[in-house]
Structure formats: structure tokens, C-alpha cells
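J.: Quick one, target39.txt (compact mmCIF, N, CA and C atoms):
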```
# COMPACT_ATOMS: atom_id res chain seq x y z
N MET G 56 93.76 98.11 98.62
CA MET G 56 93.87 99.44 99.20
C MET G 56 95.26 99.55 99.85
N ALA G 57 96.07 100.44 99.33
CA ALA G 57 97.44 100.62 99.83
C ALA G 57 97.53 101.87 100.70
N GLN G 58 98.47 101.83 101.62
CA GLN G 58 98.68 103.01 102.46
C GLN G 58 99.47 104.05 101.66
N VAL G 59 99.03 105.30 101.78
CA VAL G 59 99.69 106.42 101.12
C VAL G 59 100.40 107.22 102.20
N GLU G 60 101.63 107.68 101.90
CA GLU G 60 102.40 108.43 102.88
C GLU G 60 103.02 109.65 102.23
N ALA G 61 102.94 110.77 102.95
CA ALA G 61 103.58 112.02 102.52
C ALA G 61 104.41 112.55 103.68
N THR G 62 105.69 112.83 103.42
CA THR G 62 106.58 113.33 104.47
C THR G 62 107.29 114.59 103.98
N THR G 63 107.35 115.58 104.84
CA THR G 63 108.04 116.83 104.56
C THR G 63 108.85 117.19 105.79
N GLU G 64 110.03 117.77 105.60
CA GLU G 64 110.81 118.18 106.77
C GLU G 64 111.55 119.47 106.49
N ARG G 65 111.93 120.12 107.59
CA ARG G 65 112.61 121.40 107.50
C ARG G 65 113.42 121.62 108.77
N VAL G 66 114.58 122.25 108.62
CA VAL G 66 115.34 122.71 109.78
C VAL G 66 114.99 124.18 109.95
N ILE G 67 114.61 124.54 111.17
CA ILE G 67 114.18 125.90 111.48
C ILE G 67 115.15 126.49 112.50
N ALA G 68 115.52 127.73 112.28
CA ALA G 68 116.47 128.42 113.17
C ALA G 68 115.74 128.95 114.40
N ALA G 69 115.23 128.03 115.19
CA ALA G 69 114.55 128.37 116.45
C ALA G 69 114.64 127.15 117.35
N ASP G 70 114.60 127.39 118.65
CA ASP G 70 114.67 126.34 119.65
C ASP G 70 113.52 125.34 119.48
N ALA G 71 113.82 124.06 119.62
CA ALA G 71 112.82 123.00 119.42
C ALA G 71 111.60 123.18 120.31
N GLU G 72 111.80 123.62 121.53
CA GLU G 72 110.67 123.79 122.45
C GLU G 72 109.72 124.90 121.95
N ALA G 73 110.30 125.99 121.45
CA ALA G 73 109.48 127.10 120.93
C ALA G 73 108.72 126.66 119.68
N VAL G 74 109.36 125.88 118.83
CA VAL G 74 108.71 125.40 117.60
C VAL G 74 107.58 124.45 117.95
N PHE G 75 107.84 123.52 118.87
CA PHE G 75 106.79 122.58 119.28
C PHE G 75 105.61 123.32 119.91
N ASP G 76 105.91 124.28 120.79
CA ASP G 76 104.85 125.04 121.44
C ASP G 76 103.98 125.77 120.42
N ALA G 77 104.60 126.31 119.36
CA ALA G 77 103.83 127.00 118.32
C ALA G 77 102.92 126.03 117.59
N LEU G 78 103.42 124.84 117.25
CA LEU G 78 102.61 123.83 116.58
C LEU G 78 101.46 123.35 117.45
N ALA G 79 101.72 123.20 118.76
CA ALA G 79 100.72 122.66 119.68
C ALA G 79 99.68 123.70 120.10
N ASP G 80 99.91 124.97 119.76
CA ASP G 80 99.00 126.05 120.13
C ASP G 80 97.87 126.18 119.11
N TYR G 81 96.93 125.24 119.18
CA TYR G 81 95.82 125.21 118.21
C TYR G 81 94.88 126.39 118.39
N SER G 82 94.79 126.94 119.59
CA SER G 82 93.87 128.05 119.82
C SER G 82 94.49 129.40 119.45
N GLY G 83 95.75 129.42 119.10
CA GLY G 83 96.41 130.68 118.74
C GLY G 83 97.25 130.57 117.48
N THR G 84 98.49 130.13 117.65
CA THR G 84 99.47 130.15 116.57
C THR G 84 99.10 129.26 115.39
N ARG G 85 98.55 128.06 115.63
CA ARG G 85 98.35 127.10 114.53
C ARG G 85 97.52 127.69 113.40
N ALA G 86 96.46 128.41 113.72
CA ALA G 86 95.61 128.98 112.67
C ALA G 86 96.40 129.92 111.76
N LYS G 87 97.39 130.62 112.31
CA LYS G 87 98.21 131.55 111.51
C LYS G 87 99.14 130.82 110.55
N LEU G 88 99.41 129.55 110.82
CA LEU G 88 100.35 128.78 110.01
C LEU G 88 99.71 128.15 108.77
N LEU G 89 98.39 128.14 108.74
CA LEU G 89 97.70 127.40 107.68
C LEU G 89 97.52 128.24 106.41
N PRO G 90 97.94 127.69 105.26
CA PRO G 90 97.75 128.40 103.99
C PRO G 90 96.29 128.30 103.53
N GLU G 91 96.02 128.85 102.36
CA GLU G 91 94.65 128.93 101.84
C GLU G 91 94.01 127.57 101.58
N HIS G 92 94.76 126.49 101.62
CA HIS G 92 94.21 125.15 101.41
C HIS G 92 93.33 124.70 102.58
N PHE G 93 93.45 125.41 103.71
CA PHE G 93 92.67 125.07 104.91
C PHE G 93 91.56 126.10 105.09
N SER G 94 90.37 125.61 105.44
CA SER G 94 89.24 126.52 105.70
C SER G 94 88.43 125.97 106.87
N GLU G 95 87.51 126.80 107.34
CA GLU G 95 86.58 126.42 108.42
C GLU G 95 87.32 125.90 109.66
N TYR G 96 88.46 126.53 109.97
CA TYR G 96 89.27 126.13 111.13
C TYR G 96 88.51 126.44 112.41
N GLU G 97 88.44 125.44 113.30
CA GLU G 97 87.72 125.63 114.56
C GLU G 97 88.25 124.67 115.63
N VAL G 98 88.64 125.22 116.77
CA VAL G 98 89.02 124.39 117.91
C VAL G 98 87.74 124.05 118.66
N ARG G 99 87.45 122.77 118.80
CA ARG G 99 86.20 122.34 119.45
C ARG G 99 86.39 121.92 120.89
N GLU G 100 87.59 121.46 121.23
CA GLU G 100 87.92 121.10 122.62
C GLU G 100 89.38 121.42 122.84
N GLY G 101 89.73 121.75 124.07
CA GLY G 101 91.13 121.99 124.41
C GLY G 101 91.67 123.20 123.67
N GLY G 102 92.80 123.02 123.03
CA GLY G 102 93.41 124.11 122.28
C GLY G 102 94.92 124.14 122.40
N ASP G 103 95.47 123.33 123.34
CA ASP G 103 96.91 123.29 123.50
C ASP G 103 97.37 121.84 123.59
N GLY G 104 97.79 121.29 122.46
CA GLY G 104 98.36 119.94 122.42
C GLY G 104 97.38 118.85 122.79
N GLU G 105 97.87 117.90 123.59
CA GLU G 105 97.10 116.72 124.02
C GLU G 105 95.68 117.09 124.43
N GLY G 106 94.70 116.32 123.90
CA GLY G 106 93.31 116.54 124.27
C GLY G 106 92.58 117.55 123.39
N THR G 107 93.29 118.14 122.44
CA THR G 107 92.64 119.10 121.54
C THR G 107 91.82 118.35 120.50
N LEU G 108 90.67 118.91 120.17
CA LEU G 108 89.85 118.43 119.06
C LEU G 108 89.69 119.63 118.13
N VAL G 109 90.19 119.51 116.92
CA VAL G 109 90.20 120.63 115.99
C VAL G 109 89.59 120.20 114.65
N HIS G 110 88.87 121.13 114.03
CA HIS G 110 88.23 120.86 112.74
C HIS G 110 88.79 121.80 111.68
N TRP G 111 88.95 121.27 110.47
CA TRP G 111 89.21 122.12 109.31
C TRP G 111 88.86 121.35 108.05
N LYS G 112 88.73 122.08 106.98
CA LYS G 112 88.59 121.46 105.66
C LYS G 112 89.90 121.68 104.93
N LEU G 113 90.41 120.61 104.34
CA LEU G 113 91.65 120.65 103.59
C LEU G 113 91.35 120.45 102.12
N GLN G 114 91.64 121.47 101.33
CA GLN G 114 91.43 121.38 99.89
C GLN G 114 92.77 121.07 99.23
N ALA G 115 92.99 119.77 98.99
CA ALA G 115 94.27 119.32 98.44
C ALA G 115 94.38 119.61 96.95
N THR G 116 93.26 119.53 96.24
CA THR G 116 93.21 119.85 94.81
C THR G 116 91.94 120.65 94.55
N SER G 117 91.76 121.09 93.32
CA SER G 117 90.56 121.88 93.01
C SER G 117 89.28 121.06 93.21
N LYS G 118 89.37 119.73 93.12
CA LYS G 118 88.19 118.89 93.25
C LYS G 118 88.13 118.11 94.56
N ARG G 119 89.23 118.04 95.29
CA ARG G 119 89.29 117.18 96.48
C ARG G 119 89.35 118.01 97.76
N VAL G 120 88.24 117.97 98.52
CA VAL G 120 88.18 118.65 99.81
C VAL G 120 87.92 117.58 100.88
N ARG G 121 88.78 117.56 101.89
CA ARG G 121 88.65 116.59 102.96
C ARG G 121 88.18 117.31 104.22
N ASP G 122 87.06 116.85 104.79
CA ASP G 122 86.51 117.42 106.03
C ASP G 122 87.17 116.67 107.19
N CYS G 123 88.02 117.37 107.95
CA CYS G 123 88.84 116.74 108.99
C CYS G 123 88.38 117.13 110.39
N LEU G 124 88.24 116.16 111.25
CA LEU G 124 87.98 116.37 112.67
C LEU G 124 89.07 115.60 113.40
N LEU G 125 90.05 116.33 113.93
CA LEU G 125 91.28 115.72 114.40
C LEU G 125 91.40 115.70 115.92
N GLU G 126 91.70 114.52 116.44
CA GLU G 126 92.01 114.35 117.86
C GLU G 126 93.52 114.42 118.00
N VAL G 127 94.00 115.26 118.92
CA VAL G 127 95.43 115.47 119.09
C VAL G 127 95.93 114.74 120.33
N THR G 128 97.03 113.99 120.14
CA THR G 128 97.71 113.35 121.26
C THR G 128 99.19 113.72 121.21
N GLU G 129 99.87 113.52 122.32
CA GLU G 129 101.31 113.73 122.42
C GLU G 129 101.93 112.46 122.99
N PRO G 130 102.14 111.45 122.13
CA PRO G 130 102.64 110.16 122.63
C PRO G 130 104.04 110.22 123.23
N THR G 131 104.90 111.10 122.73
CA THR G 131 106.25 111.26 123.28
C THR G 131 106.62 112.74 123.24
N ASP G 132 107.68 113.10 123.94
CA ASP G 132 108.15 114.49 123.93
C ASP G 132 108.47 114.92 122.50
N GLY G 133 107.99 116.10 122.13
CA GLY G 133 108.28 116.64 120.81
C GLY G 133 107.46 116.04 119.69
N GLU G 134 106.40 115.33 120.03
CA GLU G 134 105.58 114.67 119.00
C GLU G 134 104.11 114.99 119.20
N LEU G 135 103.48 115.45 118.12
CA LEU G 135 102.03 115.68 118.07
C LEU G 135 101.44 114.72 117.04
N VAL G 136 100.38 114.02 117.40
CA VAL G 136 99.71 113.14 116.45
C VAL G 136 98.27 113.61 116.30
N GLU G 137 97.87 113.83 115.06
CA GLU G 137 96.51 114.28 114.73
C GLU G 137 95.80 113.15 113.99
N LYS G 138 94.80 112.52 114.66
CA LYS G 138 94.05 111.42 114.06
C LYS G 138 92.69 111.93 113.63
N ASP G 139 92.38 111.75 112.35
CA ASP G 139 91.12 112.21 111.79
C ASP G 139 90.00 111.24 112.14
N ARG G 140 88.96 111.75 112.80
CA ARG G 140 87.80 110.91 113.13
C ARG G 140 87.00 110.55 111.88
N ASN G 141 87.15 111.33 110.80
CA ASN G 141 86.34 111.14 109.60
C ASN G 141 86.99 110.26 108.54
N SER G 142 88.23 109.80 108.78
CA SER G 142 88.92 108.99 107.78
C SER G 142 90.06 108.23 108.45
N SER G 143 90.88 107.58 107.65
CA SER G 143 92.03 106.84 108.16
C SER G 143 93.28 107.73 108.28
N MET G 144 93.15 109.02 107.97
CA MET G 144 94.31 109.91 107.93
C MET G 144 94.87 110.19 109.33
N VAL G 145 96.20 110.06 109.43
CA VAL G 145 96.93 110.37 110.67
C VAL G 145 98.14 111.22 110.28
N THR G 146 98.27 112.38 110.93
CA THR G 146 99.42 113.25 110.69
C THR G 146 100.25 113.32 111.97
N THR G 147 101.55 113.08 111.83
CA THR G 147 102.47 113.12 112.97
C THR G 147 103.49 114.22 112.75
N TRP G 148 103.61 115.10 113.72
CA TRP G 148 104.60 116.18 113.73
C TRP G 148 105.67 115.81 114.74
N ARG G 149 106.93 115.76 114.31
CA ARG G 149 108.05 115.49 115.23
C ARG G 149 109.00 116.67 115.20
N VAL G 150 109.28 117.22 116.38
CA VAL G 150 110.20 118.35 116.51
C VAL G 150 111.36 117.90 117.38
N THR G 151 112.58 117.97 116.84
CA THR G 151 113.77 117.55 117.58
C THR G 151 114.84 118.63 117.46
N PRO G 152 115.72 118.74 118.45
CA PRO G 152 116.83 119.68 118.34
C PRO G 152 117.73 119.32 117.16
N ALA G 153 118.25 120.34 116.49
CA ALA G 153 119.13 120.13 115.32
C ALA G 153 120.34 121.04 115.42
N GLY G 154 120.96 121.07 116.58
CA GLY G 154 122.11 121.94 116.79
C GLY G 154 121.71 123.17 117.59
N GLU G 155 122.67 124.01 117.85
CA GLU G 155 122.48 125.20 118.68
C GLU G 155 121.39 126.11 118.12
N GLY G 156 120.28 126.26 118.87
CA GLY G 156 119.21 127.17 118.47
C GLY G 156 118.46 126.77 117.21
N LYS G 157 118.55 125.49 116.83
CA LYS G 157 117.85 125.02 115.64
C LYS G 157 117.01 123.78 115.97
N SER G 158 116.02 123.55 115.15
CA SER G 158 115.19 122.36 115.32
C SER G 158 114.84 121.77 113.96
N ARG G 159 114.62 120.47 113.97
CA ARG G 159 114.17 119.77 112.76
C ARG G 159 112.71 119.42 112.97
N VAL G 160 111.89 119.77 112.00
CA VAL G 160 110.46 119.44 112.04
C VAL G 160 110.19 118.47 110.90
N VAL G 161 109.63 117.31 111.24
CA VAL G 161 109.25 116.32 110.25
C VAL G 161 107.75 116.09 110.39
N VAL G 162 107.02 116.28 109.29
CA VAL G 162 105.57 116.03 109.30
C VAL G 162 105.29 114.89 108.32
N THR G 163 104.60 113.87 108.83
CA THR G 163 104.27 112.70 108.03
C THR G 163 102.77 112.45 108.12
N THR G 164 102.14 112.32 106.98
CA THR G 164 100.71 111.99 106.93
C THR G 164 100.55 110.66 106.21
N VAL G 165 99.77 109.77 106.80
CA VAL G 165 99.47 108.47 106.19
C VAL G 165 97.96 108.27 106.17
N TRP G 166 97.49 107.56 105.16
CA TRP G 166 96.08 107.20 105.07
C TRP G 166 95.93 106.01 104.15
N ASP G 167 94.77 105.36 104.24
CA ASP G 167 94.47 104.23 103.36
C ASP G 167 93.99 104.78 102.03
N GLY G 168 94.74 104.48 100.99
CA GLY G 168 94.41 104.98 99.67
C GLY G 168 93.36 104.13 98.97
N ALA G 169 92.90 104.64 97.85
CA ALA G 169 91.91 103.93 97.04
C ALA G 169 92.58 102.74 96.35
N GLY G 170 91.77 101.83 95.85
CA GLY G 170 92.28 100.70 95.09
C GLY G 170 92.28 101.02 93.60
N GLY G 171 92.78 100.09 92.80
CA GLY G 171 92.74 100.21 91.36
C GLY G 171 93.56 101.35 90.79
N ILE G 172 93.15 101.79 89.60
CA ILE G 172 93.89 102.85 88.90
C ILE G 172 93.84 104.17 89.67
N GLY G 173 92.69 104.44 90.32
CA GLY G 173 92.58 105.66 91.14
C GLY G 173 93.58 105.64 92.28
N GLY G 174 93.77 104.47 92.87
CA GLY G 174 94.74 104.33 93.95
C GLY G 174 96.17 104.53 93.46
N PHE G 175 96.44 104.07 92.24
CA PHE G 175 97.77 104.28 91.66
C PHE G 175 98.06 105.77 91.53
N PHE G 176 97.11 106.52 90.99
CA PHE G 176 97.30 107.96 90.82
C PHE G 176 97.38 108.68 92.17
N GLU G 177 96.55 108.24 93.12
CA GLU G 177 96.59 108.84 94.45
C GLU G 177 97.96 108.63 95.09
N LYS G 178 98.47 107.42 95.03
CA LYS G 178 99.76 107.10 95.65
C LYS G 178 100.91 107.83 94.93
N THR G 179 100.74 108.09 93.64
CA THR G 179 101.77 108.77 92.86
C THR G 179 101.76 110.28 93.08
N PHE G 180 100.59 110.90 93.08
CA PHE G 180 100.52 112.36 93.07
C PHE G 180 100.13 113.01 94.40
N ALA G 181 99.33 112.34 95.22
CA ALA G 181 98.88 112.95 96.48
C ALA G 181 100.04 113.32 97.41
N PRO G 182 101.06 112.46 97.57
CA PRO G 182 102.16 112.86 98.47
C PRO G 182 102.88 114.14 98.02
N LYS G 183 103.03 114.32 96.72
CA LYS G 183 103.68 115.54 96.22
C LYS G 183 102.82 116.78 96.52
N GLY G 184 101.53 116.66 96.29
CA GLY G 184 100.62 117.78 96.55
C GLY G 184 100.56 118.13 98.03
N LEU G 185 100.45 117.11 98.87
CA LEU G 185 100.40 117.35 100.31
C LEU G 185 101.75 117.89 100.79
N GLY G 186 102.83 117.41 100.20
CA GLY G 186 104.16 117.93 100.54
C GLY G 186 104.27 119.42 100.27
N ARG G 187 103.72 119.86 99.15
CA ARG G 187 103.74 121.31 98.82
C ARG G 187 102.92 122.11 99.84
N ILE G 188 101.79 121.57 100.26
CA ILE G 188 100.96 122.25 101.26
C ILE G 188 101.73 122.35 102.58
N TYR G 189 102.34 121.25 103.01
CA TYR G 189 103.08 121.28 104.28
C TYR G 189 104.36 122.11 104.19
N ASP G 190 104.95 122.25 103.00
CA ASP G 190 106.06 123.20 102.82
C ASP G 190 105.61 124.61 103.17
N LEU G 191 104.40 124.97 102.74
CA LEU G 191 103.85 126.30 103.06
C LEU G 191 103.64 126.46 104.56
N VAL G 192 103.14 125.42 105.21
CA VAL G 192 102.95 125.47 106.67
C VAL G 192 104.30 125.64 107.36
N LEU G 193 105.30 124.90 106.92
CA LEU G 193 106.63 124.98 107.54
C LEU G 193 107.29 126.34 107.28
N ASP G 194 107.04 126.93 106.12
CA ASP G 194 107.53 128.30 105.85
C ASP G 194 106.96 129.27 106.89
N LYS G 195 105.65 129.17 107.11
CA LYS G 195 104.99 130.06 108.06
C LYS G 195 105.45 129.77 109.49
N LEU G 196 105.67 128.50 109.80
CA LEU G 196 106.15 128.12 111.13
C LEU G 196 107.54 128.73 111.35
N ALA G 197 108.40 128.66 110.35
CA ALA G 197 109.75 129.25 110.46
C ALA G 197 109.65 130.75 110.67
N THR G 198 108.81 131.41 109.90
CA THR G 198 108.65 132.87 110.04
C THR G 198 108.13 133.22 111.43
N GLU G 199 107.19 132.45 111.92
CA GLU G 199 106.56 132.71 113.24
C GLU G 199 107.54 132.50 114.39
N THR G 200 108.38 131.46 114.30
CA THR G 200 109.24 131.11 115.44
C THR G 200 110.63 131.72 115.38
N GLN G 201 111.05 132.21 114.23
CA GLN G 201 112.39 132.79 114.09
C GLN G 201 112.39 134.28 114.39
N LYS G 202 111.27 134.81 114.90
CA LYS G 202 111.17 136.24 115.19
C LYS G 202 112.16 136.66 116.25
```
What would you get if you wrote out this structure as C-alpha cells?
T.:
Amino acid sequence: MAQVEATTERVIAADAEAVFDALADYSGTRAKLLPEHFSEYEVREGGDGEGTLVHWKLQATSKRVRDCLLEVTEPTDGELVEKDRNSSMVTTWRVTPAGEGKSRVVVTTVWDGAGGIGGFFEKTFAPKGLGRIYDLVLDKLATETQK
């Protein structure tokens, strides 16, 4: 069983603090950022960064739906970590300044992949698919914060 990793990044023309606040706002802004791959979005505890418990279903492919129950922590400034209680999946959002009025957002998701031939295909194709989904989230994040 190998670890699978998907990373996507974007420079957004908005202040890093505003971008981070939008990402950490699970009870408001975050739901607006999610494309059609996410369903059944529900904040179960908290709603703003650290201490939030949020649920959604992620449909990565036509056949693969992951039921996610995520605990949110903020281990360092500008960093949100979402740990799935239902699997080994961990998504880390890092927001850092990238020049005057700009920020860099890097989202990395890791999980324990399957073994054998299925694991080979998962490690080969899942990061690309998840990258496309997170590109959509980052597009919406840019639109939301560059207003």
C-alpha cells in the first residue's frame, strides 16, 4: 500500500489573510467554493478554522464517491489541515504572501492507496483527477477573494 499525493497551487491577486479567512470560513464562504464534485456539505461543529468538523461527499469519478468527515486544525499560521475520520486522507491548505497584494495557495492531499494493479492506477490517475477538482476550487477562491 503506497501513499498517494495530489498537489495543486495557484497565485491569487488578494491578500493572504483574506484568502486564508475565506478558506477557513466553513460556515459561509467554503460552501460557495465547492464545485459539483462535492455534495451533502454540512458543518457539524465550529465553522471557522480550528475545531471545525465538516462533512461532505466527494465524487472524484463517476464510480468513486468518498464520504468525508473532516476535523480541521491550524497547526501554523496560514495553514489549515483537514483530517478525514473515515479514511487515511489528509488535505493541507497553505496560504502564504506572494508579493504585494498577492498570495500563493498550495493544497496537498495524501492518503494510503490500494495495493497491486489497482494501486498502480490509483497512484497514476487519482492525483490528476483530484488536481482538476482543486483547480476548480481555487478558481472559485480567486473569484471570491479578488472582488
J.: Tell me, as a list of chain:residue names, which residues lie within 8 Å of stretch 82-86 of chain G, counting all atoms listed in the file; anything in the same chain fewer than 3 positions away does not count.
T.: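 My list of contacting residues is G:Asp76, G:Ala77, G:Leu78, G:Ala79, G:Leu89, G:Pro90, G:Tyr96, G:Glu97, G:Val98, G:Gly101, G:Gly102, G:Asp103, G:Gly104.
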J.: Pick from G:Ala71, G:Val150, G:Leu191, G:Ala169: nearest to G:Leu135, with all atoms listed in the file counted?
T.: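 The answer is G:Val150, which sits nearest to G:Leu135.
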J.: Within 6.5 Å of G:Arg149, counting all atoms listed in the file, which residues show up once you throw out same-chain ones fewer than 3 positions away? Write them as JSON, numbers by chain, please.
T.: {"G": [133, 134, 135, 159, 160, 161, 162, 163]}
J.: Residues as selected, N, CA and C atoms, written as an mmCIF file, keeping the file's coordinate frame, can you do that?
T.:
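Ended up saving to part12.cif:
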```cif
data_model
loop_
_atom_site.group_PDB
_atom_site.id
_atom_site.type_symbol
_atom_site.label_atom_id
_atom_site.label_comp_id
_atom_site.auth_asym_id
_atom_site.auth_seq_id
_atom_site.Cartn_x
_atom_site.Cartn_y
_atom_site.Cartn_z
ATOM 1 N N GLY G 133 107.990 116.100 122.130
ATOM 2 C CA GLY G 133 108.280 116.640 120.810
ATOM 3 C C GLY G 133 107.460 116.040 119.690
ATOM 4 N N GLU G 134 106.400 115.330 120.030
ATOM 5 C CA GLU G 134 105.580 114.670 119.000
ATOM 6 C C GLU G 134 104.110 114.990 119.200
ATOM 7 N N LEU G 135 103.480 115.450 118.120
ATOM 8 C CA LEU G 135 102.030 115.680 118.070
ATOM 9 C C LEU G 135 101.440 114.720 117.040
ATOM 10 N N ARG G 159 114.620 120.470 113.970
ATOM 11 C CA ARG G 159 114.170 119.770 112.760
ATOM 12 C C ARG G 159 112.710 119.420 112.970
ATOM 13 N N VAL G 160 111.890 119.770 112.000
ATOM 14 C CA VAL G 160 110.460 119.440 112.040
ATOM 15 C C VAL G 160 110.190 118.470 110.900
ATOM 16 N N VAL G 161 109.630 117.310 111.240
ATOM 17 C CA VAL G 161 109.250 116.320 110.250
ATOM 18 C C VAL G 161 107.750 116.090 110.390
ATOM 19 N N VAL G 162 107.020 116.280 109.290
ATOM 20 C CA VAL G 162 105.570 116.030 109.300
ATOM 21 C C VAL G 162 105.290 114.890 108.320
ATOM 22 N N THR G 163 104.600 113.870 108.830
ATOM 23 C CA THR G 163 104.270 112.700 108.030
ATOM 24 C C THR G 163 102.770 112.450 108.120
#
```
J.: Counting all atoms listed in the file, write as a PyMOL selection string all protein and nucleic acid residues lying at most 6.5 Å from (91.1, 121.9, 102.3) in the file's frame.
T.: chain G and resi 91-94+111-115+119-121
J.: Could you tell me which of G:His110, G:Thr164, G:Tyr189, G:Ser158 comes closest to G:Arg65 if we count only N, CA and C atoms?
T.: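 That would be G:Ser158, the residue with the smallest distance to G:Arg65.
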J.: Can you list every residue in chain G that DSSP puts in strand (DSSP E or B), as a PyMOL selection string?
T.: chain G and resi 58-67+80+93-100+103+108-114+120-128+134-139+145-152+158-167
J.: Could you please fill out stretch 126-143 of chain G with N, CA, C and O atoms and send it back as a PDB file, in the coordinates of the input?
T.:
```pdb
ATOM      1  N   GLU G 126      91.700 114.520 116.440  1.00  0.00           N
ATOM      2  CA  GLU G 126      92.010 114.350 117.860  1.00  0.00           C
ATOM      3  C   GLU G 126      93.520 114.420 118.000  1.00  0.00           C
ATOM      4  O   GLU G 126      94.250 113.725 117.295  1.00  0.00           O
ATOM      5  N   VAL G 127      94.000 115.260 118.920  1.00  0.00           N
ATOM      6  CA  VAL G 127      95.430 115.470 119.090  1.00  0.00           C
ATOM      7  C   VAL G 127      95.930 114.740 120.330  1.00  0.00           C
ATOM      8  O   VAL G 127      95.348 114.842 121.403  1.00  0.00           O
ATOM      9  N   THR G 128      97.030 113.990 120.140  1.00  0.00           N
ATOM     10  CA  THR G 128      97.710 113.350 121.260  1.00  0.00           C
ATOM     11  C   THR G 128      99.190 113.720 121.210  1.00  0.00           C
ATOM     12  O   THR G 128      99.694 114.187 120.182  1.00  0.00           O
ATOM     13  N   GLU G 129      99.870 113.520 122.320  1.00  0.00           N
ATOM     14  CA  GLU G 129     101.310 113.730 122.420  1.00  0.00           C
ATOM     15  C   GLU G 129     101.930 112.460 122.990  1.00  0.00           C
ATOM     16  O   GLU G 129     102.222 112.379 124.176  1.00  0.00           O
ATOM     17  N   PRO G 130     102.140 111.450 122.130  1.00  0.00           N
ATOM     18  CA  PRO G 130     102.640 110.160 122.630  1.00  0.00           C
ATOM     19  C   PRO G 130     104.040 110.220 123.230  1.00  0.00           C
ATOM     20  O   PRO G 130     104.343 109.454 124.149  1.00  0.00           O
ATOM     21  N   THR G 131     104.900 111.100 122.730  1.00  0.00           N
ATOM     22  CA  THR G 131     106.250 111.260 123.280  1.00  0.00           C
ATOM     23  C   THR G 131     106.620 112.740 123.240  1.00  0.00           C
ATOM     24  O   THR G 131     105.959 113.537 122.566  1.00  0.00           O
ATOM     25  N   ASP G 132     107.680 113.100 123.940  1.00  0.00           N
ATOM     26  CA  ASP G 132     108.150 114.490 123.930  1.00  0.00           C
ATOM     27  C   ASP G 132     108.470 114.920 122.500  1.00  0.00           C
ATOM     28  O   ASP G 132     109.106 114.173 121.749  1.00  0.00           O
ATOM     29  N   GLY G 133     107.990 116.100 122.130  1.00  0.00           N
ATOM     30  CA  GLY G 133     108.280 116.640 120.810  1.00  0.00           C
ATOM     31  C   GLY G 133     107.460 116.040 119.690  1.00  0.00           C
ATOM     32  O   GLY G 133     107.774 116.223 118.519  1.00  0.00           O
ATOM     33  N   GLU G 134     106.400 115.330 120.030  1.00  0.00           N
ATOM     34  CA  GLU G 134     105.580 114.670 119.000  1.00  0.00           C
ATOM     35  C   GLU G 134     104.110 114.990 119.200  1.00  0.00           C
ATOM     36  O   GLU G 134     103.562 114.825 120.288  1.00  0.00           O
ATOM     37  N   LEU G 135     103.480 115.450 118.120  1.00  0.00           N
ATOM     38  CA  LEU G 135     102.030 115.680 118.070  1.00  0.00           C
ATOM     39  C   LEU G 135     101.440 114.720 117.040  1.00  0.00           C
ATOM     40  O   LEU G 135     101.954 114.648 115.919  1.00  0.00           O
ATOM     41  N   VAL G 136     100.380 114.020 117.400  1.00  0.00           N
ATOM     42  CA  VAL G 136      99.710 113.140 116.450  1.00  0.00           C
ATOM     43  C   VAL G 136      98.270 113.610 116.300  1.00  0.00           C
ATOM     44  O   VAL G 136      97.556 113.767 117.293  1.00  0.00           O
ATOM     45  N   GLU G 137      97.870 113.830 115.060  1.00  0.00           N
ATOM     46  CA  GLU G 137      96.510 114.280 114.730  1.00  0.00           C
ATOM     47  C   GLU G 137      95.800 113.150 113.990  1.00  0.00           C
ATOM     48  O   GLU G 137      96.143 112.831 112.866  1.00  0.00           O
ATOM     49  N   LYS G 138      94.800 112.520 114.660  1.00  0.00           N
ATOM     50  CA  LYS G 138      94.050 111.420 114.060  1.00  0.00           C
ATOM     51  C   LYS G 138      92.690 111.930 113.630  1.00  0.00           C
ATOM     52  O   LYS G 138      91.943 112.474 114.433  1.00  0.00           O
ATOM     53  N   ASP G 139      92.380 111.750 112.350  1.00  0.00           N
ATOM     54  CA  ASP G 139      91.120 112.210 111.790  1.00  0.00           C
ATOM     55  C   ASP G 139      90.000 111.240 112.140  1.00  0.00           C
ATOM     56  O   ASP G 139      90.080 110.056 111.808  1.00  0.00           O
ATOM     57  N   ARG G 140      88.960 111.750 112.800  1.00  0.00           N
ATOM     58  CA  ARG G 140      87.800 110.910 113.130  1.00  0.00           C
ATOM     59  C   ARG G 140      87.000 110.550 111.880  1.00  0.00           C
ATOM     60  O   ARG G 140      86.205 109.612 111.897  1.00  0.00           O
ATOM     61  N   ASN G 141      87.150 111.330 110.800  1.00  0.00           N
ATOM     62  CA  ASN G 141      86.340 111.140 109.600  1.00  0.00           C
ATOM     63  C   ASN G 141      86.990 110.260 108.540  1.00  0.00           C
ATOM     64  O   ASN G 141      86.408 110.019 107.488  1.00  0.00           O
ATOM     65  N   SER G 142      88.230 109.800 108.780  1.00  0.00           N
ATOM     66  CA  SER G 142      88.920 108.990 107.780  1.00  0.00           C
ATOM     67  C   SER G 142      90.060 108.230 108.450  1.00  0.00           C
ATOM     68  O   SER G 142      90.229 108.287 109.669  1.00  0.00           O
ATOM     69  N   SER G 143      90.880 107.580 107.650  1.00  0.00           N
ATOM     70  CA  SER G 143      92.030 106.840 108.160  1.00  0.00           C
ATOM     71  C   SER G 143      93.280 107.730 108.280  1.00  0.00           C
ATOM     72  O   SER G 143      94.339 107.250 108.687  1.00  0.00           O
TER      73      SER G 143
END
```
